[in-house]
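Asks: Before anything else, here's the structure in question.
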Amino acid sequence: MARTLIVAEIQNGALREATLELVALARKLGGELVSLVIGSEVSGQAETLAKQGGGKVLLADSPKLANYNSDGWADAIQRAVSAEAPDLVLISNTPSGWDVAPKVAAALDAGIITDVFDIENEGDELAFTRRLFNGKFNGRFRITGSPRIATIQPGATAAYEGSDGGSVEPLEIDSAPPRSEFLEIRMAEAGGHDLSKAEIIVSGGRGLAKPENFDAVLKPLVDALGAQMGASRPVVDAGWLPHEYQVGSSGQLVQPKLYVAVGISGAIQHLVGMKSSNYILAINKDPDAPIFEIADLGVVQDLFEFVPKLAAKVKSAKGG
Ligand SMILES: Cc1cc2nc3c(=O)[nH]c(=O)nc-3n(C[C@H](O)[C@H](O)[C@H](O)COP(=O)(O)OP(=O)(O)OC[C@H]3O[C@@H](n4cnc5c(N)ncnc54)[C@H](O)[C@@H]3O)c2cc1C
């Protein structure tokens, strides 16, 4: 691999962990690395990235880039591509990444693959891996032409932890005002169900089959353990539980002492949200479910048989 451009993201004034994951992935592939930092008054973050392995860091710094807008970001990325001629452009698979990556690909007439969790050198080619059919298969893809653009699933790679002396150079950007105007960010209310500080979480997935089973089957175990209830995204999308119960890349990031995953397959977007839990117990009837790859203890059984027995055991062990 000759040259990779990574697009950094800043959140709450600091580089996102996902950006250092892009650095790690680009470095694994080898070749030259150029990074792009976009924002307003973000030279400090650009310096940090240069020191944390980002290589040559291009800085697109302007008051009009203070908040994400697709015109400004797409312009900066296209200018970086034309200045640096990368073979590969890596963008995090985050809400702004989803928005800007296809726009840049269309403008450059470049091939794009989204939601990738690994890239490998394959001779002179690159093999991009992403999950298919709800994580039941992994698909490997190639992109023809250059640059190739990929959005990378946050959490798929460990963040780069080395330190290297890079450099920061300004990147000139389009002076025209953006066609969209930033108004405000509205934070969703936690609604009193804040999983981020829970010590024990019992989460249910599509394996619970219907909403009534969250009360009938999962809740007795939640109560016996003194836990909080969580859920996978399909459960929330189906309206069985509110969004504040959702664990994962588009839900809450949790780190309890004990995480019990019940009828959850272990899609990467779910794992991102709970893989830092201290101890993971997974209950799933499919021995090949990806959740078992990160579980400390895996129980291959029908949840409708196992969970009531476990709840009863915990209750009696606690003298209930
Ligand atoms: C951009 C994006 C963001 C996303 N964000 C999130 C996110 O934040 N959180 C999230 O969770 N997902 C997220 N997803 C969705 C994710 O890709 C998966 O589709 C989802 O996590 C699958 O949920 P699940 O494991 O409950 O369902 P499934 O994948 O359908 O798995 C159900 C599991 O239950 C098991 N099962 C079925 N019946 C039983 C039984 N009787 N006993 C025991 N086991 C049983 C099955 O073997 C299966 O493994 C996102 C997807 C995208 C594209």
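Convention: chains lettered A, B, ... in structure tokens order; per-chain residue numbering from 1; ligands numbered from 1 as shown.
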With 7 Å as the cut-off and only C-alpha atoms and all ligand atoms counted, what is the closest atom pair between each nearby residue of chain A and ligand 1? Distances in Å to one decimal, ordered by chain and number, as a Markdown table.
Replies:
| residue | atom | partner | partner_atom_place_in_ligand_line | distance |
| --- | --- | --- | --- | --- |
| A:Asn134 | CA | ligand 1 | 19 (O) | 4.8 |
| A:Gly135 | CA | ligand 1 | 29 (O) | 6.8 |
| A:Gly204 | CA | ligand 1 | 26 (O) | 6.8 |
| A:Gly205 | CA | ligand 1 | 26 (O) | 3.2 |
| A:Arg206 | CA | ligand 1 | 26 (O) | 3.9 |
| A:Gly207 | CA | ligand 1 | 37 (C) | 3.4 |
| A:Leu208 | CA | ligand 1 | 38 (N) | 6.3 |
| A:Ala209 | CA | ligand 1 | 38 (N) | 6.9 |
| A:Ala231 | CA | ligand 1 | 11 (O) | 6.7 |
| A:Ser232 | CA | ligand 1 | 11 (O) | 3.3 |
| A:Arg233 | CA | ligand 1 | 10 (C) | 4.0 |
| A:Pro234 | CA | ligand 1 | 23 (O) | 5.4 |
| A:Val235 | CA | ligand 1 | 26 (O) | 6.5 |
| A:Gln246 | CA | ligand 1 | 9 (N) | 6.0 |
| A:Val247 | CA | ligand 1 | 9 (N) | 5.1 |
| A:Gly248 | CA | ligand 1 | 8 (O) | 3.2 |
| A:Ser249 | CA | ligand 1 | 8 (O) | 4.0 |
| A:Ser250 | CA | ligand 1 | 8 (O) | 3.6 |
| A:Gly251 | CA | ligand 1 | 8 (O) | 4.3 |
| A:Val262 | CA | ligand 1 | 44 (N) | 6.7 |
| A:Gly263 | CA | ligand 1 | 34 (O) | 3.5 |
| A:Ile264 | CA | ligand 1 | 25 (O) | 3.4 |
| A:Ser265 | CA | ligand 1 | 49 (O) | 3.3 |
| A:Gly266 | CA | ligand 1 | 25 (O) | 5.5 |
| A:Ala267 | CA | ligand 1 | 21 (O) | 4.8 |
| A:Ile268 | CA | ligand 1 | 17 (O) | 6.5 |
| A:Gln269 | CA | ligand 1 | 6 (C) | 4.5 |
| A:His270 | CA | ligand 1 | 11 (O) | 3.9 |
| A:Gly273 | CA | ligand 1 | 8 (O) | 6.9 |
| A:Ile283 | CA | ligand 1 | 43 (C) | 6.0 |
| A:Asn284 | CA | ligand 1 | 44 (N) | 3.5 |
| A:Lys285 | CA | ligand 1 | 43 (C) | 4.0 |
| A:Asp286 | CA | ligand 1 | 47 (O) | 4.4 |
| A:Ala289 | CA | ligand 1 | 49 (O) | 5.2 |
| A:Gln301 | CA | ligand 1 | 43 (C) | 5.8 |
| A:Asp302 | CA | ligand 1 | 42 (N) | 3.6 |
| A:Leu303 | CA | ligand 1 | 42 (N) | 3.8 |
| A:Phe304 | CA | ligand 1 | 41 (N) | 5.8 |
Asks: Extract, using only C-alpha atoms, all DNA, RNA and protein residues at most 9 Å from Val314 (chain A), discarding same-chain residues fewer than 4 positions from it, and format them as a count of residues only.
Replies: 8
Asks: Counting only C-alpha atoms, what are the residues of region 69-143 of chain A within 9 Å of region 170-175 of chain A, and for each of them which pair of atoms is the nearest and at what distance in Å, to one decimal? Sort the table by chain and rising number, as a tab-separated table.
Replies:
residue	atom	partner	partner_atom	distance
A:Gly72	CA	A:Asp174	CA	7.7
A:Asp75	CA	A:Asp174	CA	6.8
A:Ala76	CA	A:Ile173	CA	5.9
A:Arg79	CA	A:Ile173	CA	7.4
A:Ala80	CA	A:Leu171	CA	7.3
A:Ala83	CA	A:Leu171	CA	9.0
Asks: Residues as selected, all heavy atoms, written as an mmCIF file, in the first residue's frame, can you do that?
Replies:
data_model
loop_
_atom_site.group_PDB
_atom_site.id
_atom_site.type_symbol
_atom_site.label_atom_id
_atom_site.label_comp_id
_atom_site.auth_asym_id
_atom_site.auth_seq_id
_atom_site.Cartn_x
_atom_site.Cartn_y
_atom_site.Cartn_z
ATOM 1 N N GLY A 72 -18.435 21.741 3.512
ATOM 2 C CA GLY A 72 -17.100 22.139 3.977
ATOM 3 C C GLY A 72 -16.187 20.932 4.122
ATOM 4 O O GLY A 72 -15.019 20.957 3.723
ATOM 5 N N ASP A 75 -15.317 19.398 0.673
ATOM 6 C CA ASP A 75 -14.335 20.247 -0.004
ATOM 7 C C ASP A 75 -12.934 20.000 0.563
ATOM 8 O O ASP A 75 -11.973 19.814 -0.186
ATOM 9 C CB ASP A 75 -14.733 21.725 0.177
ATOM 10 C CG ASP A 75 -13.600 22.663 -0.193
ATOM 11 O OD1 ASP A 75 -13.216 22.657 -1.378
ATOM 12 O OD2 ASP A 75 -13.088 23.371 0.696
ATOM 13 N N ALA A 76 -12.826 19.981 1.906
ATOM 14 C CA ALA A 76 -11.504 19.793 2.521
ATOM 15 C C ALA A 76 -10.924 18.427 2.142
ATOM 16 O O ALA A 76 -9.736 18.312 1.815
ATOM 17 C CB ALA A 76 -11.616 19.929 4.043
ATOM 18 N N ARG A 79 -9.784 18.407 -1.474
ATOM 19 C CA ARG A 79 -8.532 19.163 -1.639
ATOM 20 C C ARG A 79 -7.344 18.359 -1.111
ATOM 21 O O ARG A 79 -6.259 18.371 -1.707
ATOM 22 C CB ARG A 79 -8.620 20.507 -0.914
ATOM 23 C CG ARG A 79 -9.419 21.519 -1.712
ATOM 24 C CD ARG A 79 -9.762 22.726 -0.885
ATOM 25 N NE ARG A 79 -10.657 23.583 -1.620
ATOM 26 C CZ ARG A 79 -10.293 24.724 -2.232
ATOM 27 N NH1 ARG A 79 -9.052 25.134 -2.171
ATOM 28 N NH2 ARG A 79 -11.177 25.433 -2.896
ATOM 29 N N ALA A 80 -7.551 17.666 0.005
ATOM 30 C CA ALA A 80 -6.462 16.841 0.552
ATOM 31 C C ALA A 80 -6.120 15.717 -0.421
ATOM 32 O O ALA A 80 -4.953 15.386 -0.633
ATOM 33 C CB ALA A 80 -6.862 16.276 1.912
ATOM 34 N N ALA A 83 -4.176 17.154 -3.271
ATOM 35 C CA ALA A 83 -2.810 17.551 -2.903
ATOM 36 C C ALA A 83 -1.913 16.338 -2.656
ATOM 37 O O ALA A 83 -0.718 16.373 -2.936
ATOM 38 C CB ALA A 83 -2.849 18.415 -1.640
#
Asks: Between CA of Asp194 (chain A) and CA of Gln228 (chain A), what is the distance, to one decimal in Å?
Replies: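 That distance, rounded to one decimal, is 9.0 Å.
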Asks: I'd like to know which residues of region 55-257 of chain A are strand (DSSP E or B) (by DSSP, run on the backbone); could you write them as a short mmCIF file (atom, residue, chain, number, x, y, z; two decimals) with C-alpha atoms, in the first residue's frame?
Replies:
data_model
loop_
_atom_site.label_atom_id
_atom_site.label_comp_id
_atom_site.auth_asym_id
_atom_site.auth_seq_id
_atom_site.Cartn_x
_atom_site.Cartn_y
_atom_site.Cartn_z
CA LYS A 56 1.89 14.44 8.03
CA VAL A 57 -1.23 16.20 9.28
CA LEU A 58 -3.10 18.60 6.99
CA LEU A 59 -5.03 21.23 8.90
CA ALA A 60 -8.24 22.64 7.41
CA ASP A 61 -8.96 25.30 10.01
CA LEU A 88 -6.81 4.87 0.13
CA VAL A 89 -9.01 7.28 2.11
CA LEU A 90 -10.17 6.10 5.54
CA ILE A 91 -13.16 7.79 7.21
CA SER A 92 -14.79 6.64 10.45
CA ILE A 112 -16.37 3.21 -1.81
CA ILE A 113 -17.13 0.48 0.72
CA THR A 114 -18.83 1.31 4.00
CA ASP A 115 -18.93 -0.23 7.48
CA VAL A 116 -15.64 -2.09 7.01
CA ASP A 118 -10.76 -4.91 8.52
CA ILE A 119 -8.49 -4.25 5.55
CA GLU A 120 -5.62 -6.49 4.50
CA ASN A 121 -2.91 -6.28 1.88
CA GLU A 122 -3.44 -8.96 -0.76
CA GLU A 125 -4.58 -5.22 -3.90
CA LEU A 126 -6.52 -4.48 -0.72
CA ALA A 127 -9.16 -6.80 0.71
CA PHE A 128 -11.92 -5.02 2.65
CA THR A 129 -13.98 -7.10 5.10
CA ARG A 130 -17.45 -6.21 6.30
CA ARG A 131 -20.25 -8.18 7.91
CA LEU A 132 -23.21 -9.30 5.85
CA PHE A 137 -21.28 -13.89 7.05
CA ASN A 138 -18.15 -11.88 6.47
CA GLY A 139 -17.81 -10.53 2.92
CA ARG A 140 -14.39 -9.67 1.43
CA PHE A 141 -14.33 -7.01 -1.26
CA ARG A 148 -10.40 3.78 -2.77
CA ILE A 149 -12.64 5.12 0.01
CA ALA A 150 -13.65 3.09 3.05
CA THR A 151 -15.61 3.94 6.17
CA ILE A 152 -14.38 1.98 9.18
CA ASP A 164 5.91 9.54 16.45
CA SER A 167 4.26 17.49 11.06
CA VAL A 168 1.31 19.85 10.63
CA GLU A 169 0.70 21.79 7.41
CA PRO A 170 -2.18 24.13 6.61
CA ILE A 200 -24.64 -5.11 36.05
CA ILE A 201 -26.55 -5.06 32.76
CA VAL A 202 -28.75 -7.81 31.38
CA SER A 203 -29.46 -7.10 27.72
CA GLY A 204 -31.98 -8.82 25.52
CA GLN A 228 -30.37 -2.70 34.70
CA MET A 229 -31.98 -3.87 31.48
CA GLY A 230 -30.37 -3.19 28.11
CA ALA A 231 -31.22 -4.17 24.56
CA GLN A 246 -29.95 0.44 23.39
CA VAL A 247 -26.33 -0.66 23.78
CA GLN A 252 -25.01 3.72 24.86
#
Asks: How would you write, as a ChimeraX atom specification, the set of residues in region 95-197 of chain A that DSSP gives as helix (DSSP H, G or I)?
Replies: /A:95-108,195-197
